[in-house]
Amino acid sequence: MVSENLVKDVVSEPYKYGFVTDIETEKISKGLNEDTIRLISEKKEEPQYLLNFRLNAFRKWQKMNEPNWADLGYKKIDYQDIIYYSAPKQKEKISSLDEVDPKLLETFDKLGIPLTEQKKLTNVAVDAVFDSVSIATTFRKELAEHGVIFCSISEAVKDHSDLIEKYLGSVVPANDNYFAALNSAVFSDGSFVYIPKGVKCPMDLSSYFRINSGDSGQFERTLIIAEESSSVSYLEGCTAPMFDTNTLHAAVVELIALDDASIKYSTVQNWYAGNEEGVGGIFNFVTKRGKCIGKRSKISWSQVETGSAITWKYPSCILLGEESVGEFYSVALTNNLQQADTGTKMIHIGPRTKSTIVSKGISAGNSINSYRGLVKMGSKAFGSKNYSQCDSMLIGDQAAANTFPYIQSQQPNSEVEHEASTCKISEDQLFYLQSRGIDFEEAVSMMVSGFCRDVFNQLPMEFAAEADKLLALKLEGSVG
Amino acid sequence: MQIIEEIKKNELISNPSEIQKICLDKLKLNPLPNIKSEYWRLSNKSKFSSFLDHSNKNKESKVNFPYRKASQNIIRLIIGEKNPINFEEENYSIRKLKEIELVEYIKKNISNFNQNDHWSDLLNHCLSSKENILGLNISGNKIPPLEIFSASSPDSFNAKTLILFFEKNSKVDLLQINLGNKNSSLSQSTYFCLEENTSVNHSVVSCGESKSNLLNSLNVIQKAKSEYSLGSLHFKFNYARFEIRINQLDGHAKTNIKGIQITKNNDQIATYTKMQFNGPNGFLDQINKSLADDKSHAVFEGSIIVPKIAQKTDASQLSRNLLLSRHAKIDTKPQLEIIADDVKCKHGATISQLNEEELFYMRSRGLTLAEASKLQLSSYIQEIISTIPISQDRWNLLDSILKEN
């Protein structure tokens, strides 16, 4: 039997990204009403249709109730006690990175995000979002040569208004759910990606979200459109400083894949999760959804969730096009008092559509980790197939792992398979590894990474290594 | 919803007993379950209201047995009719529970009932009169097989309650049959208490007729070292809902559940199981099958709850579903809620149609498509109903199901 003390002796790694950048910011006052929305819209110089979209969403939001079906417990959010717009003060227009406040660049440097052009070697284009605004997007020129548009949503509203008007809210309607409605009303910034017909995006695109101020919420919106026969791999990362208050993050991500297009969306979520007593941390209420409109299109979500105090997130695929494919690969790790209710929805509408779900949940400490997923076979989803696998690993006897798969079928000529299992770190395997001279921490981390391998294999190279390290760090001192 | 209206107006029962009063009071303010809750949201609303649309004031008719009694050895009891009970034999005894024992027991249970989760039982106790509550205390072994019938009368609503205490070291084979009559609703609530070292082999066959509805609730409490096996079959109901709640009180117990529901036409049959492990070393093996044809709807929801105390639990749950028609619908939701870390828990769910390769093989051997399908269906059903102890020559369940399909 492994001594619990031995484990507790191992110093747990503090949250590395918990620092606050001291920078002058422009904030609007707390509270939410129609004027706040008009103000945000005005600050961003938005066209009328967008303001209408926001106001419409806001009116709907006012009539909605916060969802309570998830297996989560948190104190009521006071939506009037949040700052809905916060931006670092800087010159009007940035033409090159040199003009970005060095403090900001330093921040992203500290986070390991290659914003400066010297780091071109990594070959990843980055859009960095700081609180409510996007501060820089790298590799624009190179991307423009291929016709790829990669910029912040605010810029896209100005430069590519037709695309925004056509697609914004087409996957996640303004009244889809409580948090999506809130986001639609007050979204500040986010990334916009457009891949033209036949283009394979020459490099991975990445956005990096950083919450800096403690009292402002982050409401970003991401829109990715992949035209016929195009493909793109998109990475998303997030961190936040350590505050003892809870910060709200309610994002919306919309993906659209036309004929033969493919989108791969990877997330490594490392928000501040609160301390061991559960004080502070991010409330992460995110709506992510992709629509496979075209024939043979493909959307693949892969995510590693380690951060945020509360996670409420169900990246989904609507499989409309014939033979379209949806994938969901997820590792969710909860420790201390974290709570996660996460999973996916695969809505099969078109014929011969396929989906795969692989979800790995690891719960340690006093945390609650729930998988909640829906697989729906519509009456026209002839010859469609789904395979789901949900495995949970429990570390310690205080953590909870729940599985709630909802399966619905209206098409006899379709197949749905679901399996789930729960296990713990096997004493025998630990003993074996230790007897071979591998120390305890490393043995545990090896076993966890083996448990998650199916998902890590789906992550882009640079993310996979990071994710592995992240899990090992997060688990330190929690195994007993 | 005649019954609900009467509850609201306090006109349901003219001279309520103590228990009926308590339950009526509980339901008066909120007579319906929350249809938006997870537990009820899939219930077809119009069917559910048709379940509550029959009168409970009609005179009850005699039970028509679907098959003859095999031998004198079998003890056959009918809930609601006068049963000559009190068997004191060398190896066993069956004693009728006194009214005061029944009242105390039900009262104790009701106090823990939640209006939504136990709505079926609360409704049952409101309507179930003294005559319709059968309570037995069973002890010993070599007990002859028991058969307990419960039936609704045509065009009426009937509520029947069965309470069985199994004393230490008893071993029982029990067949429970719920019969639905034309245009009728039956509310059946069953309570089992298994003392230590008991072994109960329980089979439930619920068979309806056109437009019959059933609300069947089964509550089982298992003490240590007890073993409970359930085999169930529900078919031919316009609306049926089977709620199973099993609680392994101190762990160290075994539970086996095998169930099948067969829906045709416009039927809706739902099975909800809740398995609670409250001690270490519990065991569960569950398989639930559905067969949905025509425009019918089959629902399965099973939850397994393993709190911290239930270390070394070994639980598996499988939901297998066959969707036979384009207009039929299946919903399934197996769920695990686990806190204990040293456990083995798994579940699986599949929805598919008949296996084409197997069909092709059989047809290449000269069987017609209809024969081949029938053969495949019968093997699918047989796995479950083979656990139900009715010999083929008495009541050929498989045949009567296949004839329908």
# chains A, B, ... in the order shown; residues from 1 in each chain; ligands from 1
call {"tool": "interface_residues", "arguments": {"of": "chain A", "to": "chain B", "cutoff": "7 Å", "atoms": "only C-alpha atoms", "output": "number ranges by chain"}}
result
A: 379, 394-424
call {"tool": "select_by_dssp", "arguments": {"residues": "range 160-327 of chain B", "states": "strand (DSSP E or B)", "output": "PyMOL selection string"}}
result
chain B and resi 160-166+171-179+184-194+199-207+212-222+227-235+239-248+254-263+268-277+283-292+297-306+314-323
call {"tool": "write_last_selection", "arguments": {"atoms": "C-alpha atoms", "output": "compact mmCIF listing (two decimals), in the first residue's frame"}}
result
# COMPACT_ATOMS: atom_id res chain seq x y z
CA LYS B 160 -52.40 -3.00 -5.88
CA THR B 161 -49.64 -3.22 -3.31
CA LEU B 162 -47.43 -6.14 -2.45
CA ILE B 163 -45.13 -6.23 0.56
CA LEU B 164 -42.90 -9.22 1.21
CA PHE B 165 -40.49 -9.78 4.08
CA PHE B 166 -38.00 -12.54 3.53
CA LYS B 171 -34.86 -19.17 -0.34
CA VAL B 172 -37.76 -18.27 -2.60
CA ASP B 173 -38.83 -18.55 -6.22
CA LEU B 174 -41.44 -15.98 -7.01
CA LEU B 175 -43.32 -15.22 -10.19
CA GLN B 176 -45.23 -11.98 -10.25
CA ILE B 177 -47.71 -11.43 -13.03
CA ASN B 178 -49.32 -8.10 -13.83
CA LEU B 179 -52.23 -8.28 -16.22
CA SER B 184 -57.53 0.07 -17.94
CA SER B 185 -54.72 1.31 -15.76
CA LEU B 186 -52.89 -0.67 -13.16
CA SER B 187 -50.67 0.81 -10.51
CA GLN B 188 -48.57 -1.87 -8.89
CA SER B 189 -46.17 -1.10 -6.06
CA THR B 190 -44.01 -3.85 -4.67
CA TYR B 191 -41.70 -3.82 -1.66
CA PHE B 192 -39.22 -6.56 -0.83
CA CYS B 193 -37.06 -6.74 2.25
CA LEU B 194 -34.35 -9.35 2.05
CA SER B 199 -31.94 -15.74 -1.90
CA VAL B 200 -34.85 -14.53 -3.96
CA ASN B 201 -35.40 -15.42 -7.55
CA HIS B 202 -38.00 -12.95 -8.75
CA SER B 203 -39.66 -12.87 -12.16
CA VAL B 204 -42.04 -10.25 -13.37
CA VAL B 205 -44.23 -10.70 -16.41
CA SER B 206 -46.41 -7.75 -17.32
CA CYS B 207 -48.74 -8.32 -20.18
CA SER B 212 -54.00 -0.85 -21.10
CA ASN B 213 -51.56 1.12 -18.99
CA LEU B 214 -49.23 0.09 -16.23
CA LEU B 215 -47.21 1.87 -13.60
CA ASN B 216 -45.07 -0.74 -11.95
CA SER B 217 -42.80 0.23 -9.10
CA LEU B 218 -40.46 -2.20 -7.41
CA ASN B 219 -38.49 -1.36 -4.26
CA VAL B 220 -35.98 -3.86 -2.98
CA ILE B 221 -33.85 -3.63 0.13
CA GLN B 222 -31.05 -6.14 0.42
CA GLU B 227 -28.88 -12.50 -3.40
CA TYR B 228 -31.63 -11.04 -5.52
CA SER B 229 -32.24 -12.00 -9.13
CA LEU B 230 -34.84 -10.33 -11.26
CA GLY B 231 -36.04 -11.38 -14.69
CA SER B 232 -38.65 -9.13 -16.23
CA LEU B 233 -40.74 -8.91 -19.35
CA HIS B 234 -43.09 -6.09 -20.27
CA PHE B 235 -45.15 -6.15 -23.42
CA TYR B 239 -48.15 3.00 -21.75
CA ALA B 240 -46.01 1.18 -19.24
CA ARG B 241 -43.40 2.39 -16.85
CA PHE B 242 -41.32 0.04 -14.75
CA GLU B 243 -39.39 1.64 -11.92
CA ILE B 244 -36.84 -0.47 -10.08
CA ARG B 245 -35.06 0.77 -7.01
CA ILE B 246 -32.62 -1.55 -5.33
CA ASN B 247 -30.69 -0.67 -2.24
CA GLN B 248 -27.87 -2.85 -0.99
CA LYS B 254 -25.48 -9.76 -5.09
CA THR B 255 -27.99 -8.41 -7.55
CA ASN B 256 -28.76 -9.72 -11.01
CA ILE B 257 -31.21 -7.96 -13.26
CA LYS B 258 -32.33 -9.10 -16.66
CA GLY B 259 -35.14 -7.27 -18.33
CA ILE B 260 -36.77 -6.89 -21.70
CA GLN B 261 -39.44 -4.58 -23.00
CA ILE B 262 -41.19 -5.05 -26.27
CA THR B 263 -43.06 -2.21 -27.89
CA GLN B 268 -44.42 3.46 -24.97
CA ILE B 269 -42.67 1.27 -22.44
CA ALA B 270 -40.00 2.67 -20.15
CA THR B 271 -37.71 1.09 -17.60
CA TYR B 272 -35.98 3.16 -14.93
CA THR B 273 -33.58 1.48 -12.59
CA LYS B 274 -31.70 2.94 -9.69
CA MET B 275 -29.11 0.79 -8.04
CA GLN B 276 -27.75 2.12 -4.78
CA PHE B 277 -24.73 0.54 -3.13
CA PHE B 283 -22.18 -6.89 -6.97
CA LEU B 284 -24.47 -6.05 -9.84
CA ASP B 285 -24.92 -7.63 -13.22
CA GLN B 286 -27.61 -5.97 -15.26
CA ILE B 287 -28.79 -6.31 -18.80
CA ASN B 288 -31.74 -4.51 -20.23
CA LYS B 289 -33.05 -5.11 -23.72
CA SER B 290 -35.60 -3.25 -25.77
CA LEU B 291 -37.29 -4.14 -28.98
CA ALA B 292 -39.09 -1.28 -30.69
CA HIS B 297 -40.99 4.27 -28.19
CA ALA B 298 -38.80 2.35 -25.76
CA VAL B 299 -36.92 4.05 -22.94
CA PHE B 300 -34.26 2.78 -20.60
CA GLU B 301 -32.59 4.77 -17.91
CA GLY B 302 -30.36 3.07 -15.42
CA SER B 303 -28.28 4.65 -12.74
CA ILE B 304 -25.67 3.04 -10.56
CA ILE B 305 -24.69 4.98 -7.47
CA VAL B 306 -21.51 4.07 -5.66
CA ASP B 314 -18.32 -4.67 -8.96
CA ALA B 315 -21.09 -3.40 -11.18
CA SER B 316 -21.85 -3.79 -14.82
CA GLN B 317 -24.80 -2.61 -16.80
CA LEU B 318 -25.62 -3.24 -20.40
CA SER B 319 -28.40 -1.74 -22.46
CA ARG B 320 -29.03 -3.46 -25.76
CA ASN B 321 -31.64 -2.17 -28.10
CA LEU B 322 -33.10 -3.26 -31.38
CA LEU B 323 -34.81 -0.70 -33.51
call {"tool": "closest_residue", "arguments": {"among": "B:Gly180, B:Gly366, B:Pro84, B:Gly135", "to": "Lys98 in chain B", "atoms": "only C-alpha atoms"}}
result
B:Gly135
call {"tool": "residues_around", "arguments": {"residues": "range 169-182 of chain A", "least_positions_apart": "6", "cutoff": "8 Å", "atoms": "only C-alpha atoms", "output": "ChimeraX atom specification"}}
result
/A:53,56-58,60-61,64-67,250-252,254-256,285-287,289-291
call {"tool": "closest_residue", "arguments": {"among": "A:Asp78, A:Asp260, A:Glu46, A:Glu236", "to": "Ser154 in chain A", "atoms": "only C-alpha atoms"}}
result
A:Glu46
call {"tool": "closest_residue", "arguments": {"among": "A:Val358, A:Ile40, A:Leu223, A:Ile77", "to": "Ile282 in chain A", "atoms": "only C-alpha atoms"}}
result
A:Ile77
call {"tool": "select_by_dssp", "arguments": {"residues": "range 323-480 of chain A", "states": "helix (DSSP H, G or I)", "output": "VMD selection string"}}
result
chain A and resid 427 to 435 440 to 451 453 to 456 461 to 475
call {"tool": "residues_around", "arguments": {"residues": "range 326-334 of chain A", "least_positions_apart": "3", "cutoff": "6 Å", "atoms": "only C-alpha atoms", "output": "PyMOL selection string"}}
result
chain A and resi 298-306+317+338+355-363+367+455
call {"tool": "residues_around", "arguments": {"residues": "Gln48 in chain A", "least_positions_apart": "5", "cutoff": "12 Å", "atoms": "only C-alpha atoms", "output": "CSV table (one decimal) with C-alpha atoms, in the first residue's frame"}}
result
chain,number,residue,atom,x,y,z
A,38,ARG,CA,-24.6,49.9,-27.0
A,41,SER,CA,-20.8,48.1,-29.8
A,42,GLU,CA,-19.9,51.8,-30.1
A,53,PHE,CA,-27.8,40.9,-33.0
A,54,ARG,CA,-26.5,41.9,-29.6
A,55,LEU,CA,-29.6,43.6,-28.4
A,157,VAL,CA,-16.4,42.9,-38.6
A,158,LYS,CA,-14.8,45.8,-40.3
A,161,SER,CA,-18.5,42.2,-42.8
A,165,GLU,CA,-23.2,38.8,-41.2
call {"tool": "residues_around", "arguments": {"residues": "Lys295 in chain A", "least_positions_apart": "6", "cutoff": "10 Å", "atoms": "only C-alpha atoms", "output": "ChimeraX atom specification"}}
result
/A:228,257-261,319-325,350-351,353
call {"tool": "closest_residue", "arguments": {"among": "A:Glu277, A:Glu106, A:Asp215, A:Asp71", "to": "Ile83 in chain A", "atoms": "only C-alpha atoms"}}
result
A:Asp215
